[in-house]
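Peer 1: You'll find my_file.cif just under this line, and it carries mmCIF, C-alpha atoms.
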data_data
loop_
_atom_site.label_atom_id
_atom_site.label_comp_id
_atom_site.auth_asym_id
_atom_site.auth_seq_id
_atom_site.Cartn_x
_atom_site.Cartn_y
_atom_site.Cartn_z
CA MET A 952 0.00 0.00 0.00
CA ILE A 953 2.78 2.45 0.91
CA ASN A 954 4.60 1.58 -2.30
CA TRP A 955 1.43 2.23 -4.28
CA PHE A 956 1.17 5.71 -2.73
CA LYS A 957 4.81 6.37 -3.50
CA ARG A 958 4.33 5.37 -7.13
CA ARG A 959 1.26 7.59 -7.37
CA ARG A 960 3.13 10.56 -5.87
CA ASN A 961 5.97 10.19 -8.32
CA LYS A 962 3.67 10.36 -11.30
CA LYS A 963 3.26 13.61 -13.15
CA THR A 964 -0.16 15.15 -12.69
CA SER A 965 0.09 18.34 -14.70
CA TYR A 966 1.27 19.03 -18.19
CA ASP A 967 2.00 22.69 -18.66
CA THR A 968 3.32 22.93 -22.18
CA ASN A 969 2.22 21.56 -25.51
CA GLU A 970 5.56 19.77 -25.79
CA GLU A 971 4.89 17.93 -22.55
CA TRP A 972 1.40 16.99 -23.69
CA VAL A 973 2.50 15.81 -27.12
CA GLU A 974 5.31 13.74 -25.68
CA ALA A 975 3.00 12.19 -23.12
CA LEU A 976 0.22 11.43 -25.61
CA SER A 977 2.52 10.03 -28.30
CA PRO A 978 3.47 6.33 -28.19
CA PRO A 979 4.31 4.97 -25.71
CA VAL A 980 1.35 6.80 -24.21
CA ASP A 981 1.61 8.09 -20.64
CA GLU A 982 -1.60 6.78 -19.06
CA GLN A 983 -1.48 9.49 -16.43
CA ALA A 984 -1.61 12.17 -19.14
CA VAL A 985 -4.60 10.44 -20.70
CA GLU A 986 -6.34 10.46 -17.34
CA VAL A 987 -5.60 14.16 -16.73
CA LEU A 988 -6.89 15.04 -20.19
CA ARG A 989 -9.98 12.85 -19.75
CA LYS A 990 -10.87 14.71 -16.56
CA LYS A 991 -10.39 18.07 -18.26
CA LEU A 992 -12.61 17.06 -21.16
CA ILE A 993 -15.34 15.87 -18.82
CA GLN A 994 -15.08 19.07 -16.82
CA GLY A 995 -15.58 21.17 -19.95
CA LEU A 996 -18.14 18.97 -21.67
CA LYS A 997 -20.62 18.87 -18.79
CA PRO A 998 -21.51 22.57 -18.77
CA ALA A 999 -21.21 22.79 -22.54
CA LEU A 1000 -23.59 19.92 -23.31
CA HIS A 1001 -25.96 19.84 -20.35
CA LYS A 1002 -28.67 21.81 -22.12
CA TYR A 1003 -28.77 19.25 -24.92
CA VAL A 1004 -28.89 16.14 -22.73
CA ASP A 1005 -32.07 15.45 -20.79
CA ARG A 1006 -30.85 12.45 -18.79
CA GLU A 1007 -27.73 10.54 -17.83
CA LEU A 1008 -25.48 13.49 -18.57
CA ASP A 1009 -22.58 12.02 -16.61
CA GLN A 1010 -22.56 8.77 -18.54
CA PHE A 1011 -23.00 10.53 -21.87
CA VAL A 1012 -20.12 12.89 -21.17
CA GLU A 1013 -17.89 10.01 -20.00
CA ASP A 1014 -18.57 8.17 -23.26
CA VAL A 1015 -17.95 11.26 -25.37
CA ALA A 1016 -14.69 11.99 -23.54
CA GLN A 1017 -13.55 8.42 -24.11
CA ASP A 1018 -14.31 8.54 -27.85
CA ALA A 1019 -12.68 11.95 -28.13
CA LEU A 1020 -9.54 10.70 -26.36
CA LEU A 1021 -9.19 7.93 -28.92
CA LYS A 1022 -9.40 10.52 -31.70
CA VAL A 1023 -6.88 12.75 -29.95
CA LEU A 1024 -4.43 9.87 -29.56
CA ASP A 1025 -4.95 8.79 -33.18
CA ASN A 1026 -4.35 12.30 -34.44
CA ILE A 1027 -1.74 13.60 -32.03
CA ASP A 1028 0.81 13.78 -34.86
CA THR A 1029 -1.43 16.27 -36.69
CA PHE A 1030 -1.52 18.74 -33.79
CA ARG A 1031 0.40 21.77 -35.01
CA GLY A 1032 0.65 23.66 -31.75
CA GLU A 1033 -1.45 26.61 -32.91
CA SER A 1034 -3.33 26.61 -29.62
CA LYS A 1035 -3.06 24.89 -26.28
CA LEU A 1036 -3.35 21.16 -26.73
CA THR A 1037 -6.29 21.11 -24.33
CA THR A 1038 -8.16 23.61 -26.54
CA TRP A 1039 -7.58 21.43 -29.60
CA ALA A 1040 -8.66 18.31 -27.73
CA MET A 1041 -11.76 20.05 -26.37
CA LYS A 1042 -12.71 21.09 -29.90
CA ILE A 1043 -12.61 17.44 -30.93
CA ALA A 1044 -14.61 16.40 -27.88
CA VAL A 1045 -17.32 19.05 -28.34
CA ARG A 1046 -17.80 18.05 -31.97
CA GLU A 1047 -17.91 14.39 -30.95
CA GLY A 1048 -20.61 15.14 -28.38
CA LEU A 1049 -22.80 17.33 -30.57
CA THR A 1050 -22.48 14.96 -33.52
CA GLU A 1051 -23.60 12.09 -31.32
CA LEU A 1052 -26.53 14.13 -30.01
CA ARG A 1053 -27.60 15.16 -33.50
CA LEU A 1054 -27.46 11.56 -34.69
CA LYS A 1055 -29.55 10.47 -31.72
CA ARG A 1056 -32.03 13.29 -32.29
CA TYR A 1057 -32.81 12.06 -35.78
CA ASP A 1058 -32.08 8.37 -35.28
CA ASP A 1059 -35.59 7.29 -34.41
CA ILE A 1060 -37.34 9.74 -36.68
CA SER A 1061 -37.99 9.12 -40.34
CA ILE A 1062 -37.61 12.08 -42.64
CA GLU A 1063 -41.35 11.94 -43.31
CA ASP A 1064 -41.91 12.66 -39.63
CA LEU A 1065 -39.82 15.79 -39.66
CA LYS A 1066 -42.00 18.84 -39.64
CA PRO A 1067 -40.97 22.05 -41.37
CA ASN A 1068 -39.48 24.46 -38.87
CA ASP A 1069 -38.62 27.90 -40.11
CA GLU A 1070 -37.36 28.97 -36.70
CA SER A 1071 -34.60 26.37 -36.66
CA ARG A 1072 -31.18 27.81 -35.91
CA GLU A 1073 -29.58 25.16 -38.04
CA VAL A 1074 -30.90 26.32 -41.34
CA PHE A 1075 -28.30 28.67 -42.78
CA SER A 1076 -28.79 31.64 -40.59
CA LEU A 1077 -30.28 34.42 -42.59
CA SER A 1078 -32.06 37.32 -41.08
CA VAL A 1079 -35.32 37.69 -42.92
CA ALA A 1080 -36.96 41.08 -42.97
CA SER A 1081 -40.61 41.67 -42.16
CA ASN A 1082 -42.95 39.67 -44.36
CA GLU A 1083 -45.55 42.35 -44.50
CA THR A 1084 -46.22 43.31 -48.10
CA SER A 1085 -48.62 45.80 -49.53
CA PRO A 1086 -51.31 44.55 -51.92
CA ASP A 1087 -49.90 46.52 -54.88
CA ARG A 1088 -46.65 44.61 -54.58
CA SER A 1089 -48.18 41.25 -55.31
CA LEU A 1090 -47.51 41.45 -59.06
CA HIS A 1091 -43.85 42.25 -58.43
CA GLU A 1092 -43.67 39.39 -56.00
CA SER A 1093 -45.08 36.86 -58.39
CA GLN A 1094 -42.72 38.04 -61.14
CA LEU A 1095 -39.72 37.75 -58.84
CA ILE A 1096 -40.82 34.36 -57.61
CA ASP A 1097 -41.16 33.19 -61.22
CA LYS A 1098 -37.68 34.48 -62.04
CA VAL A 1099 -36.02 32.76 -59.09
CA MET A 1100 -37.93 29.55 -59.77
CA GLN A 1101 -36.71 29.69 -63.36
CA ILE A 1102 -33.10 30.09 -62.19
CA ILE A 1103 -33.48 27.21 -59.74
CA ASN A 1104 -35.01 24.94 -62.36
CA GLU A 1105 -32.56 25.79 -65.13
CA GLU A 1106 -29.28 26.27 -63.29
CA LEU A 1107 -29.27 23.95 -60.28
CA THR A 1108 -28.59 20.23 -60.27
CA ASP A 1109 -31.21 17.86 -58.88
CA LYS A 1110 -29.11 17.43 -55.73
CA GLN A 1111 -28.84 21.17 -55.25
CA LYS A 1112 -32.60 21.56 -55.73
CA LYS A 1113 -33.23 18.85 -53.19
CA ALA A 1114 -30.92 20.50 -50.64
CA ILE A 1115 -32.35 23.99 -51.20
CA ASN A 1116 -35.86 22.60 -50.96
CA ALA A 1117 -35.18 20.76 -47.73
CA LEU A 1118 -33.18 23.50 -45.99
CA MET A 1119 -34.72 26.72 -47.15
CA ILE A 1120 -38.19 25.87 -48.34
CA GLN A 1121 -39.22 23.11 -45.96
CA GLY A 1122 -37.00 24.59 -43.25
CA LEU A 1123 -35.56 21.25 -42.13
CA PRO A 1124 -32.57 21.41 -39.77
CA MET A 1125 -29.19 20.72 -41.32
CA PRO A 1126 -28.56 17.40 -39.50
CA ALA A 1127 -31.90 16.12 -40.77
CA VAL A 1128 -30.99 17.02 -44.33
CA VAL A 1129 -27.60 15.35 -43.91
CA LYS A 1130 -29.49 12.18 -43.00
CA LEU A 1131 -32.07 12.63 -45.74
CA MET A 1132 -29.42 13.03 -48.42
CA HIS A 1133 -26.99 10.43 -47.03
CA THR A 1134 -24.20 12.97 -46.97
CA ASN A 1135 -22.09 14.84 -44.45
CA ARG A 1136 -22.31 18.39 -43.20
CA ASN A 1137 -19.30 19.68 -45.10
CA ALA A 1138 -20.49 18.20 -48.40
CA LEU A 1139 -23.99 19.60 -47.86
CA TYR A 1140 -22.62 23.05 -47.08
CA LYS A 1141 -20.51 22.97 -50.26
CA LEU A 1142 -23.47 21.76 -52.31
CA VAL A 1143 -25.66 24.62 -51.12
CA TYR A 1144 -22.78 27.09 -51.45
CA ASP A 1145 -22.41 26.18 -55.13
CA ALA A 1146 -26.16 26.60 -55.58
CA ARG A 1147 -26.10 30.02 -53.90
CA MET A 1148 -23.21 31.11 -56.12
CA LYS A 1149 -25.08 29.95 -59.24
CA ILE A 1150 -28.17 31.93 -58.26
CA LYS A 1151 -26.07 34.98 -57.45
CA THR A 1152 -24.15 34.80 -60.75
CA LYS A 1153 -27.31 34.29 -62.78
CA LEU A 1154 -29.02 37.24 -61.13
CA GLU A 1155 -25.96 39.39 -61.90
CA LEU A 1156 -25.86 38.20 -65.51
CA GLU A 1157 -29.50 39.13 -65.92
CA GLY A 1158 -28.82 42.57 -64.48
CA ILE A 1159 -30.91 41.96 -61.40
CA ASP A 1160 -29.68 43.66 -58.25
CA PRO A 1161 -30.54 41.36 -55.31
CA GLU A 1162 -30.69 44.35 -52.97
CA LYS A 1163 -33.32 46.07 -55.10
CA MET A 1164 -35.10 42.77 -55.46
CA LEU A 1165 -35.27 42.42 -51.68
CA ASN A 1166 -36.54 45.96 -51.31
CA LYS A 1167 -39.40 45.22 -53.65
CA LEU A 1168 -40.57 42.32 -51.56
CA MET B 797 -41.29 23.28 -54.41
CA GLU B 798 -43.30 26.38 -53.55
CA LEU B 799 -41.75 29.79 -53.06
CA THR B 800 -43.43 32.27 -50.79
CA PRO B 801 -42.17 35.87 -50.52
CA ASP B 802 -40.55 35.00 -47.19
CA ILE B 803 -38.69 32.03 -48.59
CA LEU B 804 -37.77 34.05 -51.65
CA LYS B 805 -36.20 36.69 -49.43
CA LYS B 806 -34.26 34.05 -47.57
CA LEU B 807 -33.05 32.51 -50.80
CA ILE B 808 -32.03 35.81 -52.41
CA LYS B 809 -30.30 36.98 -49.26
CA SER B 810 -28.48 33.68 -49.05
CA ALA B 811 -27.32 33.97 -52.67
CA GLN B 812 -26.38 37.60 -52.16
CA MET B 813 -24.21 36.66 -49.19
CA ALA B 814 -22.28 34.00 -51.13
CA THR B 815 -18.67 35.01 -51.70
CA ASP B 816 -15.82 33.53 -53.73
CA GLN B 817 -13.74 32.89 -50.63
CA GLU B 818 -16.30 31.17 -48.45
CA ILE B 819 -14.95 28.22 -46.48
CA GLY B 820 -16.74 24.98 -45.61
CA CYS B 821 -17.41 23.28 -42.29
CA GLU B 822 -14.17 21.28 -42.26
CA GLU B 823 -11.97 24.28 -43.01
CA CYS B 824 -13.77 26.17 -40.27
CA PHE B 825 -13.25 23.29 -37.84
CA ASP B 826 -9.53 23.22 -38.68
CA GLU B 827 -9.15 26.76 -37.35
CA LEU B 828 -11.75 26.77 -34.60
CA HIS B 829 -9.35 26.11 -31.70
CA GLU B 830 -7.21 29.13 -32.65
CA PHE B 831 -10.31 31.24 -33.17
CA ALA B 832 -11.62 30.29 -29.73
CA GLU B 833 -8.36 31.13 -27.98
CA LEU B 834 -8.26 34.54 -29.63
CA GLU B 835 -11.76 35.23 -28.35
CA LEU B 836 -10.97 34.01 -24.86
CA ALA B 837 -7.85 36.19 -24.83
CA GLY B 838 -10.04 39.24 -25.56
CA LYS B 839 -8.55 39.67 -29.03
CA SER B 840 -10.56 40.03 -32.21
CA PRO B 841 -10.82 36.63 -33.89
CA ALA B 842 -13.13 38.02 -36.59
CA GLU B 843 -10.37 40.37 -37.73
CA ALA B 844 -7.67 37.72 -37.56
CA LYS B 845 -9.76 35.05 -39.27
CA PRO B 846 -12.59 36.72 -41.20
CA LEU B 847 -13.42 33.61 -43.22
CA VAL B 848 -14.02 31.61 -40.06
CA GLN B 849 -16.28 34.36 -38.73
CA ASP B 850 -18.11 34.47 -42.05
CA HIS B 851 -18.69 30.71 -41.93
CA LEU B 852 -19.89 30.86 -38.33
CA ASP B 853 -22.35 33.58 -39.31
CA LYS B 854 -23.77 31.36 -42.03
CA CYS B 855 -23.65 27.86 -40.57
CA GLY B 856 -25.83 27.13 -37.54
CA SER B 857 -24.25 23.74 -36.81
CA CYS B 858 -20.70 25.14 -36.70
CA ARG B 859 -21.87 28.10 -34.66
CA GLU B 860 -23.51 25.76 -32.19
CA GLU B 861 -20.26 23.80 -31.85
CA TYR B 862 -18.25 26.97 -31.42
CA GLN B 863 -20.50 28.28 -28.67
CA ALA B 864 -20.33 24.94 -26.86
CA LEU B 865 -16.54 24.95 -27.23
CA LEU B 866 -16.28 28.43 -25.69
CA GLU B 867 -18.44 27.33 -22.80
CA ALA B 868 -16.30 24.23 -22.23
CA LEU B 869 -13.06 26.20 -22.39
CA ARG B 870 -14.30 28.91 -20.04
CA ASN B 871 -15.12 26.22 -17.57
CA ILE B 872 -11.71 24.58 -17.61
CA GLU B 873 -9.98 27.97 -17.61
CA ASN B 874 -11.80 28.97 -14.44
CA ASP B 875 -10.39 25.93 -12.77
CA ASN B 876 -6.77 26.56 -13.79
#
Turn the structure described in the file into structure tokens.

Peer 2:
Amino acid sequence: MINWFKRRRNKKTSYDTNEEWVEALSPPVDEQAVEVLRKKLIQGLKPALHKYVDRELDQFVEDVAQDALLKVLDNIDTFRGESKLTTWAMKIAVREGLTELRLKRYDDISIEDLKPNDESREVFSLSVASNETSPDRSLHESQLIDKVMQIINEELTDKQKKAINALMIQGLPMPAVVKLMHTNRNALYKLVYDARMKIKTKLELEGIDPEKMLNKL
Amino acid sequence: MELTPDILKKLIKSAQMATDQEIGCEECFDELHEFAELELAGKSPAEAKPLVQDHLDKCGSCREEYQALLEALRNIENDN
């Protein structure tokens, strides 16, 4: 027992520099460093994720920290020292946790069950002005709607139309559309980005100023 | 696909905001730890990394992760 305490006391319990962390987390891995980092991740994840988790927060956070640690250890050679190592590791852990929560949120729900939700924060965040329009603007509106529909139909690919429809017209949250389209967030963002650029370019080519267009609505 | 004036506004605004240099979610993630430290240090991350700020303004999922990251980091900083 006394020897065990002596061994424990000799072990390093803090890692102050990135060099110390990287050395400790590179093979052969210092288990004490892993434990210190695990505790830090848990400490940060709990307050960051508690509002998303309705029960068993402790267990969820433990699992997330464990998965994140594996990713940190697997990718330690890619850490470039641009921040504290703990910041980099926490970034990985937070993404791990939120990704898991998003998957769970839509795991048991079929896309058909997803209701349109224009208030969702996860649709590309665009501040929409008041929707009050005067009656004499209705002709303008229908002309503009026809023009944009024409651009969508003629310029966008089927995939882009599907993404625009799901995100902006039906107002589905991004993770739901990721599931619907069997893609990932980055690919979906790029797909919609290309669609937005096509619409922008086409409007410019046709001499339509989007700002004026918005003012007419 | 039906376009209402509200959706049309959203769509036009979204197209209008598209820029040649926009970055995606992965590129944003690659720089998020530096961005967060700048913010926590009271510096101006938006000036240092405008493309990351631009992406965070446009992508709700990345913004949600960033806000959670800040909260996590503030909590471990308080303890140090």

Peer 1: Which residues of chain B have any atom within 7 Å of an atom in chain A when counting all atoms listed in the file, and what is the closest pair of atoms for each, with the distance in Å to one decimal? Order the rows by chain and rising number and write it as JSON lines.

Peer 2:
{"residue": "B:Met797", "atom": "CA", "partner": "A:Asn1116", "partner_atom": "CA", "distance": 6.5}
{"residue": "B:Leu799", "atom": "CA", "partner": "A:Ile1096", "partner_atom": "CA", "distance": 6.5}
{"residue": "B:Pro801", "atom": "CA", "partner": "A:Glu1092", "partner_atom": "CA", "distance": 6.7}
{"residue": "B:Asp802", "atom": "CA", "partner": "A:Asn1082", "partner_atom": "CA", "distance": 6.0}
{"residue": "B:Ile803", "atom": "CA", "partner": "A:Ile1120", "partner_atom": "CA", "distance": 6.2}
{"residue": "B:Leu804", "atom": "CA", "partner": "A:Ile1096", "partner_atom": "CA", "distance": 6.7}
{"residue": "B:Lys805", "atom": "CA", "partner": "A:Leu1165", "partner_atom": "CA", "distance": 6.2}
{"residue": "B:Lys806", "atom": "CA", "partner": "A:Val1079", "partner_atom": "CA", "distance": 6.0}
{"residue": "B:Ile808", "atom": "CA", "partner": "A:Pro1161", "partner_atom": "CA", "distance": 6.4}
{"residue": "B:Ser810", "atom": "CA", "partner": "A:Arg1147", "partner_atom": "CA", "distance": 6.5}
{"residue": "B:Ala811", "atom": "CA", "partner": "A:Arg1147", "partner_atom": "CA", "distance": 4.3}
{"residue": "B:Gln812", "atom": "CA", "partner": "A:Lys1151", "partner_atom": "CA", "distance": 5.9}
{"residue": "B:Ala814", "atom": "CA", "partner": "A:Met1148", "partner_atom": "CA", "distance": 5.8}
{"residue": "B:Gly820", "atom": "CA", "partner": "A:Asn1137", "partner_atom": "CA", "distance": 5.9}
{"residue": "B:Cys821", "atom": "CA", "partner": "A:Asn1137", "partner_atom": "CA", "distance": 4.9}
{"residue": "B:Glu822", "atom": "CA", "partner": "A:Asn1137", "partner_atom": "CA", "distance": 6.1}
{"residue": "B:His829", "atom": "CA", "partner": "A:Trp1039", "partner_atom": "CA", "distance": 5.4}
{"residue": "B:Glu830", "atom": "CA", "partner": "A:Ser1034", "partner_atom": "CA", "distance": 5.5}
{"residue": "B:Glu833", "atom": "CA", "partner": "A:Ser1034", "partner_atom": "CA", "distance": 7.0}
{"residue": "B:Asp853", "atom": "CA", "partner": "A:Ser1076", "partner_atom": "CA", "distance": 6.8}
{"residue": "B:Lys854", "atom": "CA", "partner": "A:Ser1076", "partner_atom": "CA", "distance": 5.2}
{"residue": "B:Cys855", "atom": "CA", "partner": "A:Phe1075", "partner_atom": "CA", "distance": 5.2}
{"residue": "B:Gly856", "atom": "CA", "partner": "A:Glu1073", "partner_atom": "CA", "distance": 4.3}
{"residue": "B:Ser857", "atom": "CA", "partner": "A:Glu1073", "partner_atom": "CA", "distance": 5.7}
{"residue": "B:Glu861", "atom": "CA", "partner": "A:Arg1046", "partner_atom": "CA", "distance": 6.3}
{"residue": "B:Ala864", "atom": "CA", "partner": "A:Ala999", "partner_atom": "CA", "distance": 4.9}
{"residue": "B:Leu865", "atom": "CA", "partner": "A:Val1045", "partner_atom": "CA", "distance": 6.1}
{"residue": "B:Glu867", "atom": "CA", "partner": "A:Ala999", "partner_atom": "CA", "distance": 5.3}
{"residue": "B:Ala868", "atom": "CA", "partner": "A:Gly995", "partner_atom": "CA", "distance": 3.9}
{"residue": "B:Leu869", "atom": "CA", "partner": "A:Gly995", "partner_atom": "CA", "distance": 6.1}
{"residue": "B:Asn871", "atom": "CA", "partner": "A:Gly995", "partner_atom": "CA", "distance": 5.6}
{"residue": "B:Ile872", "atom": "CA", "partner": "A:Gly995", "partner_atom": "CA", "distance": 5.7}

Peer 1: Evaluate the PyMOL selection byres ((chain A and resi 973) around 10) on the structure here and hand back the selected residues as a PyMOL selection string.

Peer 2: chain A and resi 966+968-972+974-978+980+984+1024+1027-1028+1030+1032+1036

Peer 1: From the options A:Ser965, A:Tyr1003, A:Lys1098, A:Val1129, which residue's atoms come nearest to Gln983 (chain A), counting all atoms listed in the file?

Peer 2: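 Closest to Gln983 (chain A) of all the choices is A:Ser965.
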
Peer 1: Could you state the separation of CA of Glu843 (chain B) and CA of Arg870 (chain B) in Å, given to one decimal place?

Peer 2: 21.4 Å
